[in-house]
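Down below is the structure, laid out as structure tokens.
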Amino acid sequence: MEPHHPIDLSFCGHTKPRLYLLSSSFFLLLLLFVLALISSSKQPSFPSFDYPHSSSRLPAGCDISRGEWVPDPAAPYYTNLTCSLIQEHQNCMKYGRPDRDFLKWRWKPAACDLPAFDAARFLDLVRGKSMAFIGDSLARNHMQSLMCLLSKVEFPEDLNSTDNYFKRMFYANYNFTLSSFWSRFLVKAEEVDSDGPNHTGLWNLYLDEVDDSWASEIDQFDYVILSDGIWFSHPTFFYEKRELVGCHFCLVDNVTDLPIWYSYRSALRTTLRSLIDMDGFKGKIFLRTISPSHFEKGEWNKGGDCVRRQPFKKNEARLEGRDLDFHQIQIEEFREAERVGREKGAKLKLLDATGAMLLRADGHPSRFGHWAHENVTLYNDCVHWCLPGPVDLWSNFLFAMMLDDRLRSVIIADLLAIIDFYGNSCMCIADLFLFITMKYLHYSYAIYYTPTASCNQPSYLAMNPREHPFWGCPPTLLVSFLLLLILSVISSSNRRSFPSFNYSHSSSSFPPACDFTKGEWVRDPDPPRYTNTTCFAIQEHQNCMKYGRPDTEFLKWRWRPAACELPRLDPARFLETVRGRSMAFVGDSLARNHMQSLLCLLSKVERPKDVSKTGDDYFKQMLYSTYNFTVAVFWSRFLVNAEQADPDGPTHTGLWNLYLDELDDAWASQIGLFDYIVLSAGNWFNRPSVFFERRRLVGCNNCLLPNVTDLTKRYSQRMAFRTVLRALAGGHGGFRGTVYMRTLSPTHFENGTWNGGGDCVRTRPLAGGEARLEGLQREYYEAQLEEFRAAEKMAARGKGVRMRLLDTTAAMLARADGHPSRYGHWAHENVTLYNDCVHWCLPGPIDIWNDFLFAMLQ
């Protein structure tokens, strides 16, 4: 044993330990006081430190993107007479709009109040800096709104008055430059046909090349506000690496027609990554989300108009179609760019105004953006926004976000100033604090710390904490962690929820005693968490929207357990939970349906790499590189060893030999490599089959063979599950993980069997008393429960395997509306299962299986 050495405090510059401890105690009390101030909802005056405008700070956790419009008799804060910077097409008052009610509203977030826009304070925040708006005409609409709001303090000087598409305005008293860059697609684009297939032009888009009209100058700017969307609806050719890869509505032979979201996602990704990687650009990036248009009774060029005179209420408007797709893409690409940017020190912010603007169908110019006799391209304008009008909220959001950032910067700078003032020669506090900050807060605040001239000690940032020469200074260590706690409080107050249209029932708290298998389906106004255009993993037969399903009501429900709330799957937390692990879905096509639902839900965070060893879709293996997480699917109709004896069989559906006491080696030979197994099977046991045990014939189901006992399909289903569950409970193949057995997924054929004209045409869930589990499905379900309980007891005595029951049967029994029916293929196709009431649409009720799985993993 090494001899004990007393702690030497002299290296801290304190030769008198008593004095050091007294001063450290004083410092701790001071820090606790600062922490109390930061966490307080009411910011009291604190004369020793300057916290400018602290009363306007947004409360921690306030999501300004969620809320409602409430009456505001004081609005508007400028008019078309007081602001000369309004573009003609948005000057609704000039061109005769008769009503004023649309001006008398303000946005009220659900959990806080939004600070009113203060022009003088805004200009003080941007003193000596520059801001660029990049995008289409709505980016220009935003900039003009901001200039009108600032006009109460100062009118800017126009530094290039000749080109309205590229404006540069200068506020001399604040040395602040405001610029706009016209960029329809954000990436490089050229018009190849001014008429085009639908008479709106045909464009070449170079999706991996940024538009040089803005990119060549952007490194000069401190703030960049990005926005785009509408122009991607135009017919376009797509180029990557200067090679044609497809198009949108180009109507050219032998050119693949890709969906509209393909070009938008690629362009946005290219733009964000280019800004993050750009040499010399150190500014802050704000991505403003999609601005919904509100045409009714026709499209923009076919007589559509927007004639409403007041906002929608919260549940009167839904984000759908292209707007929903674009918004989800923006959230996903922003999240990924933020992750990449964090490693490089880039600063990104999401200015999510979509939810608020969705409710403002009353705020567009309509026909009041020009004189009635004028011949204009967009006669009824339901795209842009009147000035003054709801668009002023965008600058209000921008102001609130910048003000909050400024406050954090000042607090952090003051804390570090305290260290410099207090510590002086004892810089172990600051150095260790900085080490912890950089290691655990991803360099978020390291830029605020500059060592004082008196600090001549070496840097120990790259060292292991226990190797740090100041590790043995207990009061110093405590102080450092208190500082870390303060920064965590500051940091956590700025975290966003993704996306802003996310389900509100995503709390991770879940009462241990809650039985989430019992409950009911309740209305959910939020849109689905993904669509068939945003998820790559949907199999054709479950792609109901692609194949023309006309109703969307089946997407507007969520499962509510009787005694608690079910947390929605959080893709980032799910992936963090399974980091470095692997999961296998084993079973029939419904197991694959389940896996594909999970891939879609996780796609908001990362798209996995296909690392399958074969090209067989029945045996897929996907890798989430960032999390080192593998998801695999193993096709196994019966879970046990099976071979087809007659492809036609007694009922023309095939005749199978089932070896009920032998595992299917297709999955069993590899299962020891996995940490989680999600097991399911059922419908294939209805097929005619001959049963073998110990390689001896013991009976059959509907085989119609002489001298063979008909044991019914119930027997084979029970024995197969018994074999599989007990093998896994006993640690077959070295398996030491967790088994999730998913229970029976009910089918919902009505007015006939699956191959006898049956169908499922309901468009909403069955009510509580309308659905009952009966007949064979009930017997299958009960056999699963009984065999699972027996295996569970076996596992408890054995190899450390954990058995979990993923009981989704009751919830899915009520969802006769969630199957593809005839919308899993084109009407003219010759398919085996014409009306599919077995599998589930994606997105659809099946997503709840992964909500259950997520809750059980926590």
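By order of appearance in the structure tokens: chains A, B, ..., then residues from 1 within every chain, and ligands from 1 in the order shown.
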
Exercise for review: Name all residues at most 7 Å from stretch 248-254 of chain A (count only C-alpha atoms; drop same-chain ones fewer than 5 positions away) and give them as a count of residues only.
Suggested key: 6

Check your understanding: Expressed in Å to a single decimal, how great is the separation between atom CA of A:Gly844 and atom CA of A:Glu565?
Key ->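 It comes out at 19.1 Å.
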
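The shortest atom-to-atom distance to A:Phe399, with only C-alpha atoms taken into account, belongs to A:Ala120 out of A:Ile230, A:Thr200, A:Leu728, A:Ala120.
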
Practice item. Fewer than 5 positions away in the same chain doesn't count, so skip those; otherwise give me all residues within 10 Å of A:Pro571, counting only C-alpha atoms, as number ranges by chain. Key: A: 576-577, 598-606, 854

Restricted to C-alpha atoms, what would the selected residues look like written as a PDB file, in the first residue's frame?
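Final file, result37.pdb:
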ATOM      1  CA  GLU A 576     -29.260   6.434 -27.037  1.00  0.00           C
ATOM      2  CA  THR A 577     -30.829   3.626 -25.011  1.00  0.00           C
ATOM      3  CA  LEU A 598     -39.315   1.425 -36.244  1.00  0.00           C
ATOM      4  CA  LEU A 599     -36.974   2.481 -39.059  1.00  0.00           C
ATOM      5  CA  CYS A 600     -39.458   5.179 -40.077  1.00  0.00           C
ATOM      6  CA  LEU A 601     -39.773   6.516 -36.532  1.00  0.00           C
ATOM      7  CA  LEU A 602     -35.988   6.586 -36.095  1.00  0.00           C
ATOM      8  CA  SER A 603     -35.440   8.238 -39.483  1.00  0.00           C
ATOM      9  CA  LYS A 604     -35.931  11.664 -37.871  1.00  0.00           C
ATOM     10  CA  VAL A 605     -32.523  11.214 -36.231  1.00  0.00           C
ATOM     11  CA  GLU A 606     -30.509   9.052 -38.609  1.00  0.00           C
ATOM     12  CA  PHE A 854     -39.808   2.208 -26.195  1.00  0.00           C
TER      13      PHE A 854
END

Check your understanding: So which residues touch A:Leu244 within 12 Å, counting only C-alpha atoms, skipping near sequence neighbours fewer than 5 positions away, as a PyMOL selection string?
Key -> chain A and resi 204-208+236-239+254-258

Exercise for review: Please provide as a list in words all residues within 9 Å of stretch 671-678 of chain A, with the sequence filter that same-chain residues fewer than 2 positions apart are discarded (counting only C-alpha atoms).
Suggested key: Arg581, Ser582, Met583, Ala584, Phe585, Val586, Gly587, Ala591, Thr630, Trp667, Ala668, Ser669, Ser680, Gly731, His732, Gly733, Gly734, Phe735, Arg736, Gly737, Thr738, Val739, Tyr740, Met741, Arg742 and Leu806 of chain A

Go ahead and write the selection's residues with N, CA and C atoms as a tab-separated table (two decimals), in the first residue's frame.
chain	number	residue	atom	x	y	z
A	581	ARG	N	-25.66	-1.68	-29.22
A	581	ARG	CA	-26.36	-2.97	-29.08
A	581	ARG	C	-26.98	-3.39	-30.41
A	582	SER	N	-27.74	-4.48	-30.36
A	582	SER	CA	-28.33	-5.01	-31.59
A	582	SER	C	-29.70	-5.60	-31.29
A	583	MET	N	-30.59	-5.52	-32.27
A	583	MET	CA	-31.97	-5.98	-32.10
A	583	MET	C	-32.39	-6.76	-33.33
A	584	ALA	N	-33.02	-7.90	-33.11
A	584	ALA	CA	-33.49	-8.75	-34.21
A	584	ALA	C	-35.00	-8.93	-34.13
A	585	PHE	N	-35.67	-8.70	-35.25
A	585	PHE	CA	-37.10	-9.00	-35.38
A	585	PHE	C	-37.20	-10.36	-36.07
A	586	VAL	N	-37.84	-11.30	-35.40
A	586	VAL	CA	-37.93	-12.67	-35.90
A	586	VAL	C	-39.39	-13.03	-36.07
A	587	GLY	N	-39.77	-13.46	-37.28
A	587	GLY	CA	-41.14	-13.87	-37.51
A	587	GLY	C	-41.54	-13.75	-38.96
A	591	ALA	N	-43.60	-9.18	-38.62
A	591	ALA	CA	-42.35	-8.80	-37.94
A	591	ALA	C	-41.60	-7.78	-38.79
A	630	THR	N	-27.45	-1.98	-34.39
A	630	THR	CA	-27.84	-2.80	-35.53
A	630	THR	C	-29.27	-3.30	-35.36
A	667	TRP	N	-32.68	-18.21	-38.35
A	667	TRP	CA	-32.46	-17.19	-37.33
A	667	TRP	C	-31.72	-17.75	-36.12
A	668	ALA	N	-31.97	-18.99	-35.77
A	668	ALA	CA	-31.42	-19.55	-34.52
A	668	ALA	C	-29.90	-19.63	-34.54
A	669	SER	N	-29.30	-19.78	-35.74
A	669	SER	CA	-27.85	-19.91	-35.83
A	669	SER	C	-27.13	-18.60	-35.54
A	680	SER	N	-42.44	-12.82	-33.07
A	680	SER	CA	-43.87	-12.82	-33.38
A	680	SER	C	-44.14	-13.77	-34.53
A	731	GLY	N	-31.15	-19.84	-23.02
A	731	GLY	CA	-29.89	-19.30	-23.52
A	731	GLY	C	-29.38	-19.98	-24.77
A	732	HIS	N	-30.26	-20.40	-25.65
A	732	HIS	CA	-29.85	-21.10	-26.88
A	732	HIS	C	-28.82	-20.26	-27.66
A	733	GLY	N	-27.79	-20.91	-28.12
A	733	GLY	CA	-26.79	-20.26	-28.96
A	733	GLY	C	-26.01	-19.17	-28.27
A	734	GLY	N	-25.98	-19.22	-26.93
A	734	GLY	CA	-25.25	-18.20	-26.18
A	734	GLY	C	-26.03	-16.91	-25.98
A	735	PHE	N	-27.32	-16.94	-26.29
A	735	PHE	CA	-28.12	-15.72	-26.14
A	735	PHE	C	-28.26	-15.36	-24.67
A	736	ARG	N	-27.97	-14.07	-24.34
A	736	ARG	CA	-28.08	-13.60	-22.96
A	736	ARG	C	-28.83	-12.27	-22.88
A	737	GLY	N	-29.63	-12.00	-23.86
A	737	GLY	CA	-30.30	-10.71	-23.93
A	737	GLY	C	-31.73	-10.75	-23.43
A	738	THR	N	-32.56	-9.88	-24.05
A	738	THR	CA	-33.97	-9.74	-23.67
A	738	THR	C	-34.85	-10.19	-24.83
A	739	VAL	N	-35.83	-11.02	-24.53
A	739	VAL	CA	-36.82	-11.47	-25.51
A	739	VAL	C	-38.11	-10.68	-25.32
A	740	TYR	N	-38.56	-10.03	-26.37
A	740	TYR	CA	-39.87	-9.38	-26.36
A	740	TYR	C	-40.79	-10.22	-27.24
A	741	MET	N	-41.77	-10.86	-26.65
A	741	MET	CA	-42.73	-11.62	-27.45
A	741	MET	C	-43.94	-10.74	-27.74
A	742	ARG	N	-44.10	-10.39	-29.02
A	742	ARG	CA	-45.26	-9.59	-29.40
A	742	ARG	C	-46.43	-10.52	-29.66
A	806	LEU	N	-44.80	-8.21	-24.95
A	806	LEU	CA	-45.20	-7.02	-25.69
A	806	LEU	C	-46.63	-7.27	-26.19

Practice item. Could you check how far atom CA of A:Ile538 sits from atom CA of A:Pro843, in Å to one decimal? Key: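 Atom CA of A:Ile538 sits 8.6 Å away from atom CA of A:Pro843.
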
Point to revise | Those in stretch 89-264 of chain A with helix (DSSP H, G or I) from DSSP, as a count of residues only | key: 45

Exercise for review: Could you check how far atom CA of A:Ser745 sits from atom CA of A:Ala562, in Å to one decimal?
Suggested key: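 Interatomic distance here is 20.6 Å.
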